[in-house]
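Q: CSV, C-alpha atoms and all ligand atoms, file entry38.csv:
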chain,number,residue,atom,x,y,z
A,703,MET,CA,-11.1,-3.5,-9.4
A,704,ILE,CA,-7.4,-3.4,-10.0
A,705,LYS,CA,-5.1,-2.2,-7.2
A,706,LEU,CA,-1.8,-0.6,-7.9
A,707,THR,CA,1.1,0.4,-5.6
A,708,PHE,CA,3.1,3.3,-6.9
A,709,LEU,CA,6.4,4.4,-5.5
A,710,SER,CA,9.4,6.2,-6.9
A,711,ASP,CA,12.7,7.9,-6.2
A,712,THR,CA,14.0,5.4,-3.7
A,713,HIS,CA,17.6,6.5,-4.4
A,714,LEU,CA,19.0,3.3,-3.0
A,715,GLY,CA,22.7,3.4,-2.3
A,716,PHE,CA,22.6,7.0,-1.1
A,717,ASP,CA,24.9,7.6,1.8
A,718,LEU,CA,25.8,3.9,2.0
A,719,PRO,CA,29.6,3.6,1.7
A,720,LEU,CA,31.0,0.1,1.8
A,721,ARG,CA,34.1,0.8,3.7
A,722,THR,CA,34.3,3.7,6.1
A,723,ARG,CA,37.1,5.0,8.2
A,724,VAL,CA,34.8,6.6,10.8
A,725,GLN,CA,31.9,4.7,12.3
A,726,LYS,CA,28.9,7.0,12.3
A,727,ARG,CA,25.2,6.7,11.4
A,728,ARG,CA,24.5,6.7,7.7
A,729,ARG,CA,21.3,7.6,6.1
A,730,GLY,CA,21.5,4.8,3.5
A,731,GLU,CA,19.6,2.2,5.5
A,732,ASP,CA,16.7,4.6,5.9
A,733,PHE,CA,16.1,4.5,2.2
A,734,PHE,CA,16.1,0.6,2.2
A,735,THR,CA,13.8,0.5,5.2
A,736,ASN,CA,11.2,2.7,3.5
A,737,THR,CA,11.4,0.9,0.2
A,738,ARG,CA,11.0,-2.5,1.9
A,739,GLN,CA,8.1,-1.1,3.8
A,740,VAL,CA,6.3,-0.1,0.6
A,741,LEU,CA,6.9,-3.6,-0.9
A,742,GLU,CA,5.7,-5.3,2.3
A,743,GLN,CA,2.5,-3.2,2.4
A,744,ALA,CA,1.8,-3.8,-1.2
A,745,ILE,CA,1.9,-7.6,-0.5
A,746,ALA,CA,-0.2,-7.2,2.7
A,747,GLY,CA,-2.7,-4.9,0.9
A,748,LYS,CA,-3.0,-7.3,-2.0
A,749,SER,CA,-1.9,-5.0,-4.8
A,750,ASP,CA,-2.0,-6.4,-8.3
A,751,LEU,CA,1.0,-4.5,-9.6
A,752,ILE,CA,3.8,-2.6,-8.1
A,753,ILE,CA,5.1,0.3,-10.2
A,754,HIS,CA,8.4,2.1,-9.5
A,755,GLY,CA,8.7,5.5,-11.2
A,756,GLY,CA,12.5,5.6,-11.4
A,757,ASP,CA,15.6,6.6,-9.6
A,758,LEU,CA,15.7,3.2,-8.1
A,759,PHE,CA,19.4,3.8,-7.4
A,760,PHE,CA,20.9,7.1,-6.3
A,761,ARG,CA,23.3,7.3,-9.3
A,762,SER,CA,24.5,5.4,-12.4
A,763,LYS,CA,27.8,4.0,-11.2
A,764,ILE,CA,27.0,1.7,-8.3
A,765,PRO,CA,29.3,-0.7,-6.5
A,766,ALA,CA,28.4,-4.3,-7.2
A,767,GLN,CA,27.5,-5.0,-3.6
A,768,ILE,CA,24.8,-2.4,-3.6
A,769,ILE,CA,23.4,-3.5,-7.0
A,770,ASP,CA,23.1,-7.0,-5.5
A,771,LYS,CA,21.5,-5.7,-2.3
A,772,VAL,CA,18.9,-3.8,-4.3
A,773,TYR,CA,18.1,-6.5,-6.8
A,774,THR,CA,18.0,-9.2,-4.1
A,775,LEU,CA,15.3,-7.0,-2.5
A,776,LEU,CA,13.3,-6.7,-5.7
A,777,PHE,CA,13.8,-10.4,-6.5
A,778,GLU,CA,12.5,-11.3,-3.0
A,779,TYR,CA,9.2,-9.4,-3.5
A,780,ALA,CA,8.8,-10.4,-7.2
A,781,ASP,CA,9.1,-14.0,-6.0
A,782,ARG,CA,6.1,-13.4,-3.7
A,783,GLY,CA,4.0,-13.1,-6.8
A,784,ILE,CA,3.4,-9.5,-7.7
A,785,PRO,CA,4.8,-8.1,-10.9
A,786,ILE,CA,7.1,-5.1,-10.3
A,787,ILE,CA,7.5,-2.6,-13.2
A,788,ILE,CA,10.4,-0.1,-13.2
A,789,VAL,CA,11.1,2.9,-15.3
A,790,PRO,CA,14.8,3.9,-15.3
A,791,GLY,CA,15.3,7.4,-14.1
A,792,ASN,CA,17.9,10.1,-14.6
A,793,HIS,CA,20.0,9.0,-11.7
A,794,GLU,CA,20.4,5.6,-13.5
A,795,ARG,CA,21.3,7.5,-16.7
A,796,SER,CA,18.1,5.8,-18.1
A,797,VAL,CA,19.6,2.3,-17.9
A,798,LEU,CA,19.5,-0.1,-14.9
A,799,PRO,CA,22.7,-2.1,-14.3
A,800,GLN,CA,22.4,-5.6,-15.7
A,801,SER,CA,22.1,-8.6,-13.3
A,802,ILE,CA,21.0,-12.2,-13.5
A,803,LEU,CA,18.6,-11.3,-10.7
A,804,LEU,CA,16.6,-9.0,-13.0
A,805,ASN,CA,15.6,-12.1,-15.0
A,806,HIS,CA,12.8,-12.9,-12.6
A,807,PRO,CA,9.6,-13.3,-14.7
A,808,ASN,CA,7.8,-10.8,-12.4
A,809,LEU,CA,10.4,-8.0,-12.9
A,810,TYR,CA,9.7,-5.7,-15.8
A,811,VAL,CA,12.2,-2.9,-16.7
A,812,PHE,CA,11.6,-0.4,-19.5
A,813,GLN,CA,14.6,-0.7,-21.8
A,814,GLN,CA,13.0,1.6,-24.4
A,815,ALA,CA,9.6,3.1,-25.1
A,816,GLU,CA,7.5,-0.1,-24.8
A,817,SER,CA,4.3,-1.6,-23.4
A,818,PHE,CA,3.9,-4.5,-21.0
A,819,GLU,CA,0.6,-6.5,-21.0
A,820,PHE,CA,-0.9,-8.2,-18.0
A,821,ILE,CA,-4.1,-10.2,-17.6
A,822,ILE,CA,-5.5,-9.8,-14.1
A,823,ARG,CA,-8.9,-11.4,-13.2
A,824,GLY,CA,-9.8,-11.5,-16.9
A,825,GLU,CA,-8.9,-7.8,-17.5
A,826,LYS,CA,-6.2,-6.7,-19.9
A,827,ILE,CA,-3.9,-4.1,-18.4
A,828,ILE,CA,-1.3,-2.3,-20.5
A,829,ILE,CA,1.5,-0.5,-18.8
A,830,SER,CA,3.4,1.7,-21.2
A,831,GLY,CA,6.5,3.7,-20.5
A,832,PHE,CA,9.9,4.9,-21.5
A,833,PRO,CA,13.3,5.4,-19.7
A,834,ASN,CA,14.0,9.0,-18.6
A,835,ILE,CA,14.9,11.4,-21.4
A,836,ARG,CA,17.4,13.8,-20.1
A,837,HIS,CA,17.2,16.4,-22.9
A,838,GLU,CA,14.5,17.9,-25.0
A,839,VAL,CA,11.7,15.6,-24.0
A,840,ARG,CA,9.1,18.2,-24.9
A,841,ALA,CA,10.1,17.9,-28.6
A,842,LYS,CA,10.3,14.1,-28.5
A,843,PHE,CA,7.2,13.2,-26.5
A,844,VAL,CA,4.6,12.9,-29.2
A,845,ASP,CA,6.8,10.6,-31.3
A,846,ILE,CA,7.6,8.4,-28.2
A,847,GLN,CA,4.0,8.1,-27.3
A,848,ALA,CA,3.1,7.1,-30.8
A,849,GLY,CA,5.3,4.0,-30.4
A,850,LEU,CA,3.3,2.8,-27.3
A,851,GLN,CA,0.4,0.5,-27.4
A,852,ILE,CA,-3.0,1.8,-26.3
A,853,LYS,CA,-6.4,0.1,-26.7
A,854,LYS,CA,-9.6,1.8,-25.6
A,855,GLN,CA,-11.2,-1.3,-23.9
A,856,ASN,CA,-8.1,-2.1,-21.8
A,857,LEU,CA,-6.8,-0.4,-18.7
A,858,ASN,CA,-4.1,1.9,-20.1
A,859,ILE,CA,-1.4,3.3,-17.8
A,860,LEU,CA,1.5,5.5,-18.8
A,861,VAL,CA,4.6,5.6,-16.6
A,862,MET,CA,7.6,8.0,-16.9
A,863,HIS,CA,10.3,9.8,-15.1
A,864,GLN,CA,10.0,13.4,-16.2
A,865,ALA,CA,8.9,16.8,-15.1
A,866,ILE,CA,5.5,17.7,-16.5
A,867,ASP,CA,3.9,21.2,-16.9
A,868,GLY,CA,2.7,22.3,-13.5
A,869,SER,CA,4.7,20.0,-11.4
A,870,GLN,CA,6.2,21.7,-8.4
A,871,ILE,CA,9.1,21.6,-6.0
A,872,VAL,CA,9.7,24.1,-3.2
A,873,GLY,CA,9.6,27.6,-4.8
A,874,TYR,CA,9.5,26.4,-8.4
A,875,THR,CA,6.9,25.3,-10.9
A,876,PHE,CA,8.0,23.4,-14.1
A,877,ARG,CA,6.5,25.0,-17.2
A,878,ALA,CA,6.9,24.9,-21.0
A,879,THR,CA,10.7,24.5,-21.2
A,880,PRO,CA,12.4,21.9,-23.5
A,881,ASP,CA,13.0,19.4,-20.7
A,882,VAL,CA,9.4,19.4,-19.5
A,883,VAL,CA,6.6,17.3,-20.9
A,884,ASN,CA,3.7,19.2,-22.4
A,885,ILE,CA,0.7,18.2,-20.2
A,886,HIS,CA,-1.7,18.7,-23.1
A,887,GLU,CA,0.1,16.2,-25.3
A,888,ILE,CA,-0.5,13.3,-23.0
A,889,ASP,CA,-2.9,11.0,-24.8
A,890,ASN,CA,-6.4,11.3,-23.3
A,891,ARG,CA,-6.9,7.5,-23.7
A,892,TYR,CA,-4.6,6.8,-20.7
A,893,ASP,CA,-6.7,6.1,-17.7
A,894,LEU,CA,-3.8,7.0,-15.4
A,895,VAL,CA,-0.4,8.6,-15.6
A,896,LEU,CA,2.4,7.9,-13.1
A,897,SER,CA,5.7,9.7,-12.9
A,898,GLY,CA,8.8,9.8,-10.8
A,899,HIS,CA,11.5,12.5,-10.8
A,900,ILE,CA,9.8,15.2,-8.7
A,901,HIS,CA,10.4,14.4,-5.1
A,902,ARG,CA,7.4,16.2,-3.7
A,903,ARG,CA,4.2,14.1,-3.9
A,904,GLN,CA,1.4,15.7,-6.0
A,905,ILE,CA,-1.4,15.0,-8.4
A,906,LEU,CA,-1.7,17.1,-11.5
A,907,THR,CA,-4.7,17.1,-13.9
A,908,ASN,CA,-5.4,18.2,-17.4
A,909,GLY,CA,-9.1,17.2,-17.2
A,910,MET,CA,-8.3,13.8,-18.8
A,911,GLN,CA,-6.7,11.6,-16.2
A,912,PRO,CA,-5.0,11.9,-12.9
A,913,ILE,CA,-1.2,12.4,-13.2
A,914,ILE,CA,0.5,11.2,-10.0
A,915,TYR,CA,3.9,11.9,-8.6
A,916,SER,CA,4.5,9.7,-5.5
A,917,GLY,CA,7.6,11.7,-4.6
A,918,SER,CA,10.7,10.2,-2.9
A,919,VAL,CA,10.4,7.6,-0.1
A,920,GLU,CA,12.9,9.5,2.0
A,921,ARG,CA,14.2,13.1,1.9
A,922,THR,CA,17.2,13.3,-0.3
A,923,SER,CA,17.9,17.0,0.5
A,924,PHE,CA,17.0,19.8,2.9
A,925,GLN,CA,14.9,21.2,0.2
A,926,GLU,CA,12.4,18.5,1.0
A,927,MET,CA,12.5,19.1,4.8
A,928,SER,CA,8.8,20.0,5.2
A,929,GLU,CA,7.4,17.4,2.8
A,930,PRO,CA,5.7,14.2,4.0
A,931,LYS,CA,7.2,11.1,2.3
A,932,GLY,CA,5.3,8.0,1.1
A,933,TYR,CA,3.7,6.3,-1.8
A,934,TYR,CA,0.3,5.9,-3.5
A,935,GLU,CA,-2.2,3.1,-3.5
A,936,ILE,CA,-4.6,3.5,-6.5
A,937,GLU,CA,-7.8,1.5,-7.1
A,938,MET,CA,-8.8,1.5,-10.8
A,939,VAL,CA,-12.4,0.5,-11.4
A,940,LYS,CA,-14.1,-0.4,-14.7
A,941,LYS,CA,-17.3,1.7,-15.2
A,942,ASN,CA,-19.6,1.8,-18.3
A,943,THR,CA,-17.6,4.6,-19.7
A,944,GLY,CA,-14.2,2.9,-19.1
A,945,TRP,CA,-11.6,2.7,-16.4
A,946,ARG,CA,-11.5,5.3,-13.7
A,947,ALA,CA,-9.3,5.9,-10.7
A,948,ASP,CA,-11.8,5.3,-8.0
A,949,LYS,CA,-9.6,5.7,-5.0
A,950,ILE,CA,-6.2,7.4,-4.7
A,951,THR,CA,-4.6,7.1,-1.3
A,952,PHE,CA,-1.3,8.6,-0.1
A,953,LEU,CA,0.3,6.4,2.5
A,954,GLU,CA,2.9,8.2,4.6
A,955,LEU,CA,6.2,6.5,5.6
A,956,ASN,CA,8.3,7.2,8.6
A,957,THR,CA,11.0,9.7,8.0
A,958,ARG,CA,13.6,11.2,10.3
A,959,PRO,CA,13.1,14.9,11.2
A,960,MET,CA,15.3,17.4,9.4
A,961,VAL,CA,16.2,20.5,11.5
A,962,ASP,CA,18.1,23.7,10.9
A,963,ILE,CA,20.3,25.0,13.7
A,964,TYR,CA,21.5,28.6,13.4
A,965,LEU,CA,24.9,29.3,14.7
A,966,ASP,CA,25.0,33.1,14.8
A,967,GLU,CA,24.6,33.3,18.6
A,968,ILE,CA,26.9,30.3,19.2
A,969,ILE,CA,29.8,30.3,16.9
A,970,ASP,CA,31.9,33.1,18.4
A,971,LYS,CA,31.5,32.0,22.1
A,972,ILE,CA,34.3,30.3,23.9
A,973,ASN,CA,32.0,27.6,25.0
A,974,TRP,CA,30.4,27.1,21.5
A,975,GLN,CA,30.8,23.3,21.7
A,976,MET,CA,28.7,23.2,24.8
A,977,LEU,CA,26.1,25.6,23.5
A,978,LEU,CA,25.7,23.6,20.3
A,979,SER,CA,25.5,20.4,22.3
A,980,ASP,CA,22.7,22.0,24.4
A,981,GLU,CA,20.8,22.8,21.2
A,982,LEU,CA,21.1,19.2,20.0
A,983,LYS,CA,19.6,17.9,23.3
A,984,LYS,CA,16.4,19.6,22.5
A,985,LEU,CA,16.0,17.6,19.3
A,986,ALA,CA,14.6,14.1,18.5
A,987,GLU,CA,17.6,11.8,18.8
A,988,ASP,CA,17.4,10.6,15.2
A,989,SER,CA,17.4,14.2,13.7
A,990,ILE,CA,19.2,15.1,10.6
A,991,VAL,CA,20.7,18.5,11.4
A,992,ARG,CA,21.8,21.3,9.1
A,993,LEU,CA,24.1,23.9,10.6
A,994,LYS,CA,23.4,27.4,9.2
A,995,MET,CA,24.1,31.1,9.6
A,996,GLN,CA,21.2,33.6,9.5
A,997,ASN,CA,23.5,36.6,9.0
A,998,LYS,CA,25.7,35.6,6.0
A,999,THR,CA,27.7,38.8,6.0
A,1000,GLY,CA,29.0,38.8,9.6
A,1001,LYS,CA,32.5,38.0,10.6
A,1002,PHE,CA,32.4,34.6,12.2
A,1003,ASP,CA,35.1,32.0,12.7
A,1004,CYS,CA,33.5,29.0,11.0
A,1005,SER,CA,36.9,27.2,10.7
A,1006,ARG,CA,36.1,26.0,14.2
A,1007,LEU,CA,33.6,23.6,12.7
A,1008,THR,CA,36.0,20.8,12.0
A,1009,ALA,CA,34.6,17.3,11.3
A,1010,GLU,CA,36.7,16.0,14.2
A,1011,LYS,CA,35.0,18.4,16.7
A,1012,LEU,CA,31.5,18.0,15.3
A,1013,ARG,CA,31.8,14.3,15.6
A,1014,VAL,CA,32.4,14.6,19.3
A,1015,ILE,CA,29.4,17.0,19.8
A,1016,PHE,CA,26.9,15.1,17.7
A,1017,PRO,CA,25.3,12.0,19.2
A,1018,ASP,CA,25.8,8.9,17.0
A,1019,THR,CA,22.1,8.7,16.4
A,1020,MET,CA,22.1,12.0,14.4
A,1021,ASN,CA,23.5,13.1,11.1
A,1022,TYR,CA,24.6,16.6,10.3
A,1023,THR,CA,25.5,18.6,7.3
A,1024,LEU,CA,27.0,22.1,6.9
A,1025,SER,CA,25.0,24.7,5.0
A,1026,ARG,CA,26.6,26.5,2.1
A,1027,SER,CA,26.0,29.7,4.1
A,1028,LEU,CA,28.8,28.7,6.4
A,1029,PHE,CA,31.3,28.5,3.5
A,1030,ALA,CA,30.1,31.9,2.3
A,1031,VAL,CA,31.0,33.4,5.7
A,1032,LYS,CA,34.4,31.7,5.6
A,1033,GLN,CA,35.2,33.0,2.2
A,1034,GLU,CA,34.4,36.6,3.2
A,1035,GLN,CA,37.0,36.4,5.9
A,1036,GLU,CA,39.7,35.3,3.6
B,1,MN,MN,15.0,11.4,-8.0
Show the structure stored in the file as structure tokens.
Ligand SMILES: [Mn+2]
A:
Amino acid sequence: MIKLTFLSDTHLGFDLPLRTRVQKRRRGEDFFTNTRQVLEQAIAGKSDLIIHGGDLFFRSKIPAQIIDKVYTLLFEYADRGIPIIIVPGNHERSVLPQSILLNHPNLYVFQQAESFEFIIRGEKIIISGFPNIRHEVRAKFVDIQAGLQIKKQNLNILVMHQAIDGSQIVGYTFRATPDVVNIHEIDNRYDLVLSGHIHRRQILTNGMQPIIYSGSVERTSFQEMSEPKGYYEIEMVKKNTGWRADKITFLELNTRPMVDIYLDEIIDKINWQMLLSDELKKLAEDSIVRLKMQNKTGKFDCSRLTAEKLRVIFPDTMNYTLSRSLFAVKQEQE
């Protein structure tokens, strides 16, 4: 049996400014905490390989200090003996920043379409993959795949960072467009397909092999507010007919609650600050709050919601964001 830990979309560096004028809670450390948690559990659970499906960082231009913080973390776990394989995502512009820390022999990063070989307990495992293709992946996929190694008797795994036919986010299913991989073109000799990019965890199938999205390790937007976050542990077993995914387990990570507060009944009252504060007292103290309007066409004075005032109302343990609906209201008044 070969045990894999699969995570993706860690978006490290998100909401982690280096110098800030105002001291307030940032969400950045939550992403590091969950990433570390996955790596820690992979070690404790004796995974043979850790695979990261991309969007390691939250964007392509990253301050050096954050690059070092991320790579130091990877280096630390690679040094504990488990190979870590990473496919660069779209947020990295398909290339990870260079660093001496990436030279650890247990760190593998796809620089192009290529295949990495591992021998584990006498079994040959080939992990093939390619950095995110931003445009027209559907037209390119067959050619890319042809450049990858695949041998029937080995455990063959394909890793990517793409939308695939049938993958879903809230209210949308990706299908048959130029930037979506054709699920029927995935080589049936792969025993397992792993992908990053879609932040909702899900398993697709084309009748050939499981196609797994682990989703993001924390919520990057309110679109993901109702989705559990975590990663997968996958046990591959060699049967007479070949390798099979014998056990696929989603392991949930702690996430902070995301909550919407509607201001319609509050915003025009003289004591709106107190009313909002009362609403916040009903929430978990680490909530991430979005302020919203239900009635977007009403005449409300949203200019009251200055950062200065909100900072006083919100406890330091919370984060808040303003919904676009508030700005829509404001515009209508002008
Ligand atoms: Mn992502």
Q: Throw together the list of residues within 9 Å of ligand MN 1 (chain B), counting all atoms listed in the file, and drop it here as number ranges by chain.
A: A: 710-713, 756-760, 791-793, 863, 898-901, 917-918, 922
Q: Need to verify the contact set: stretch 741-745 of chain A, 8 Å, all atoms listed in the file, exclusion of same-chain residues closer than 2 positions in sequence. Can you return it as a JSON list (two decimals) with C-alpha atoms, keeping the file's coordinate frame?
A:
[["chain", "number", "residue", "atom", "x", "y", "z"],
["A", 707, "THR", "CA", 1.10, 0.40, -5.60],
["A", 737, "THR", "CA", 11.40, 0.90, 0.20],
["A", 738, "ARG", "CA", 11.00, -2.50, 1.90],
["A", 739, "GLN", "CA", 8.10, -1.10, 3.80],
["A", 747, "GLY", "CA", -2.70, -4.90, 0.90],
["A", 748, "LYS", "CA", -3.00, -7.30, -2.00],
["A", 749, "SER", "CA", -1.90, -5.00, -4.80],
["A", 752, "ILE", "CA", 3.80, -2.60, -8.10],
["A", 779, "TYR", "CA", 9.20, -9.40, -3.50],
["A", 782, "ARG", "CA", 6.10, -13.40, -3.70],
["A", 784, "ILE", "CA", 3.40, -9.50, -7.70]]
Q: Go ahead and compute the interatomic distance for atom CA of A:Trp945 and atom CA of A:Leu857, in Å to one decimal.
A: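 Value for the atom CA of A:Trp945-atom CA of A:Leu857 distance: 6.2 Å.
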Q: If I take atom CA of A:Thr951 and atom CA of A:Gly932, how far is one from the other in Å, to one decimal?
A: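 About the pair atom CA of A:Thr951 and atom CA of A:Gly932: they are 10.2 Å apart.
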Q: Find the residues around A:Ile829 up to 8 Å (all atoms listed in the file counted), leave out those fewer than 4 positions away in its own chain, and share them as a VMD selection string.
A: chain A and resid 817 to 819 858 to 861
Q: Name the residues in contact with A:Asp881 at a cut-off of 7 Å, using only C-alpha atoms, excluding same-chain residues fewer than 5 positions from it; report them as a list in words.
A: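 Contacts, with the query itself left out: His837, Glu838, Val839 and Arg840 of chain A.
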Q: In Å, rounded to a single decimal, give me how far atom CA of A:Phe708 is from atom CA of A:Tyr933.
A: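 For atom CA of A:Tyr933 relative to atom CA of A:Phe708, the distance reads 5.9 Å.
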Q: Closest to A:Gln904 among A:Val883, A:Ile871, A:Leu775, A:Ile888, using only C-alpha atoms?
A: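 Comparing A:Val883, A:Ile871, A:Leu775, A:Ile888 against A:Gln904, the winner is A:Ile871.
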Q: What would stretch 773-788 of chain A look like with N, CA, C and O atoms restored, written as a PDB file, in the coordinates of the input?
A:
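Full text of selection_12.pdb as output:
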ATOM      1  N   TYR A 773      18.816  -5.529  -5.974  1.00  0.00           N
ATOM      2  CA  TYR A 773      18.100  -6.500  -6.800  1.00  0.00           C
ATOM      3  C   TYR A 773      17.685  -7.732  -5.989  1.00  0.00           C
ATOM      4  O   TYR A 773      16.683  -8.356  -6.320  1.00  0.00           O
ATOM      5  N   THR A 774      18.409  -8.063  -4.957  1.00  0.00           N
ATOM      6  CA  THR A 774      18.000  -9.200  -4.100  1.00  0.00           C
ATOM      7  C   THR A 774      16.647  -8.788  -3.431  1.00  0.00           C
ATOM      8  O   THR A 774      15.743  -9.618  -3.303  1.00  0.00           O
ATOM      9  N   LEU A 775      16.537  -7.514  -3.045  1.00  0.00           N
ATOM     10  CA  LEU A 775      15.300  -7.000  -2.500  1.00  0.00           C
ATOM     11  C   LEU A 775      14.140  -7.124  -3.466  1.00  0.00           C
ATOM     12  O   LEU A 775      13.065  -7.651  -3.161  1.00  0.00           O
ATOM     13  N   LEU A 776      14.365  -6.652  -4.680  1.00  0.00           N
ATOM     14  CA  LEU A 776      13.300  -6.700  -5.700  1.00  0.00           C
ATOM     15  C   LEU A 776      12.946  -8.155  -6.033  1.00  0.00           C
ATOM     16  O   LEU A 776      11.770  -8.497  -6.161  1.00  0.00           O
ATOM     17  N   PHE A 777      13.977  -8.990  -6.157  1.00  0.00           N
ATOM     18  CA  PHE A 777      13.800 -10.400  -6.500  1.00  0.00           C
ATOM     19  C   PHE A 777      12.908 -11.078  -5.416  1.00  0.00           C
ATOM     20  O   PHE A 777      11.983 -11.824  -5.718  1.00  0.00           O
ATOM     21  N   GLU A 778      13.226 -10.760  -4.173  1.00  0.00           N
ATOM     22  CA  GLU A 778      12.500 -11.300  -3.000  1.00  0.00           C
ATOM     23  C   GLU A 778      10.986 -11.050  -3.142  1.00  0.00           C
ATOM     24  O   GLU A 778      10.149 -11.922  -2.945  1.00  0.00           O
ATOM     25  N   TYR A 779      10.654  -9.807  -3.461  1.00  0.00           N
ATOM     26  CA  TYR A 779       9.200  -9.400  -3.500  1.00  0.00           C
ATOM     27  C   TYR A 779       8.592  -9.876  -4.844  1.00  0.00           C
ATOM     28  O   TYR A 779       7.426 -10.276  -4.858  1.00  0.00           O
ATOM     29  N   ALA A 780       9.340  -9.849  -5.943  1.00  0.00           N
ATOM     30  CA  ALA A 780       8.800 -10.400  -7.200  1.00  0.00           C
ATOM     31  C   ALA A 780       8.468 -11.837  -7.038  1.00  0.00           C
ATOM     32  O   ALA A 780       7.459 -12.331  -7.545  1.00  0.00           O
ATOM     33  N   ASP A 781       9.281 -12.526  -6.268  1.00  0.00           N
ATOM     34  CA  ASP A 781       9.100 -14.000  -6.000  1.00  0.00           C
ATOM     35  C   ASP A 781       7.859 -14.239  -5.182  1.00  0.00           C
ATOM     36  O   ASP A 781       7.369 -15.359  -5.143  1.00  0.00           O
ATOM     37  N   ARG A 782       7.364 -13.217  -4.511  1.00  0.00           N
ATOM     38  CA  ARG A 782       6.100 -13.400  -3.700  1.00  0.00           C
ATOM     39  C   ARG A 782       4.899 -13.204  -4.581  1.00  0.00           C
ATOM     40  O   ARG A 782       3.783 -13.174  -4.071  1.00  0.00           O
ATOM     41  N   GLY A 783       5.106 -12.997  -5.867  1.00  0.00           N
ATOM     42  CA  GLY A 783       4.000 -13.100  -6.800  1.00  0.00           C
ATOM     43  C   GLY A 783       3.448 -11.860  -7.446  1.00  0.00           C
ATOM     44  O   GLY A 783       2.578 -11.942  -8.300  1.00  0.00           O
ATOM     45  N   ILE A 784       3.937 -10.686  -7.051  1.00  0.00           N
ATOM     46  CA  ILE A 784       3.400  -9.500  -7.700  1.00  0.00           C
ATOM     47  C   ILE A 784       4.377  -8.945  -8.723  1.00  0.00           C
ATOM     48  O   ILE A 784       5.559  -8.766  -8.428  1.00  0.00           O
ATOM     49  N   PRO A 785       3.893  -8.688  -9.946  1.00  0.00           N
ATOM     50  CA  PRO A 785       4.800  -8.100 -10.900  1.00  0.00           C
ATOM     51  C   PRO A 785       5.273  -6.701 -10.453  1.00  0.00           C
ATOM     52  O   PRO A 785       4.502  -5.924  -9.899  1.00  0.00           O
ATOM     53  N   ILE A 786       6.555  -6.424 -10.655  1.00  0.00           N
ATOM     54  CA  ILE A 786       7.100  -5.100 -10.300  1.00  0.00           C
ATOM     55  C   ILE A 786       7.663  -4.510 -11.615  1.00  0.00           C
ATOM     56  O   ILE A 786       8.449  -5.131 -12.334  1.00  0.00           O
ATOM     57  N   ILE A 787       7.175  -3.302 -11.897  1.00  0.00           N
ATOM     58  CA  ILE A 787       7.500  -2.600 -13.200  1.00  0.00           C
ATOM     59  C   ILE A 787       8.324  -1.401 -12.844  1.00  0.00           C
ATOM     60  O   ILE A 787       7.935  -0.593 -12.003  1.00  0.00           O
ATOM     61  N   ILE A 788       9.456  -1.245 -13.519  1.00  0.00           N
ATOM     62  CA  ILE A 788      10.400  -0.100 -13.200  1.00  0.00           C
ATOM     63  C   ILE A 788      10.733   0.673 -14.411  1.00  0.00           C
ATOM     64  O   ILE A 788      11.090   0.115 -15.449  1.00  0.00           O
TER      65      ILE A 788
END
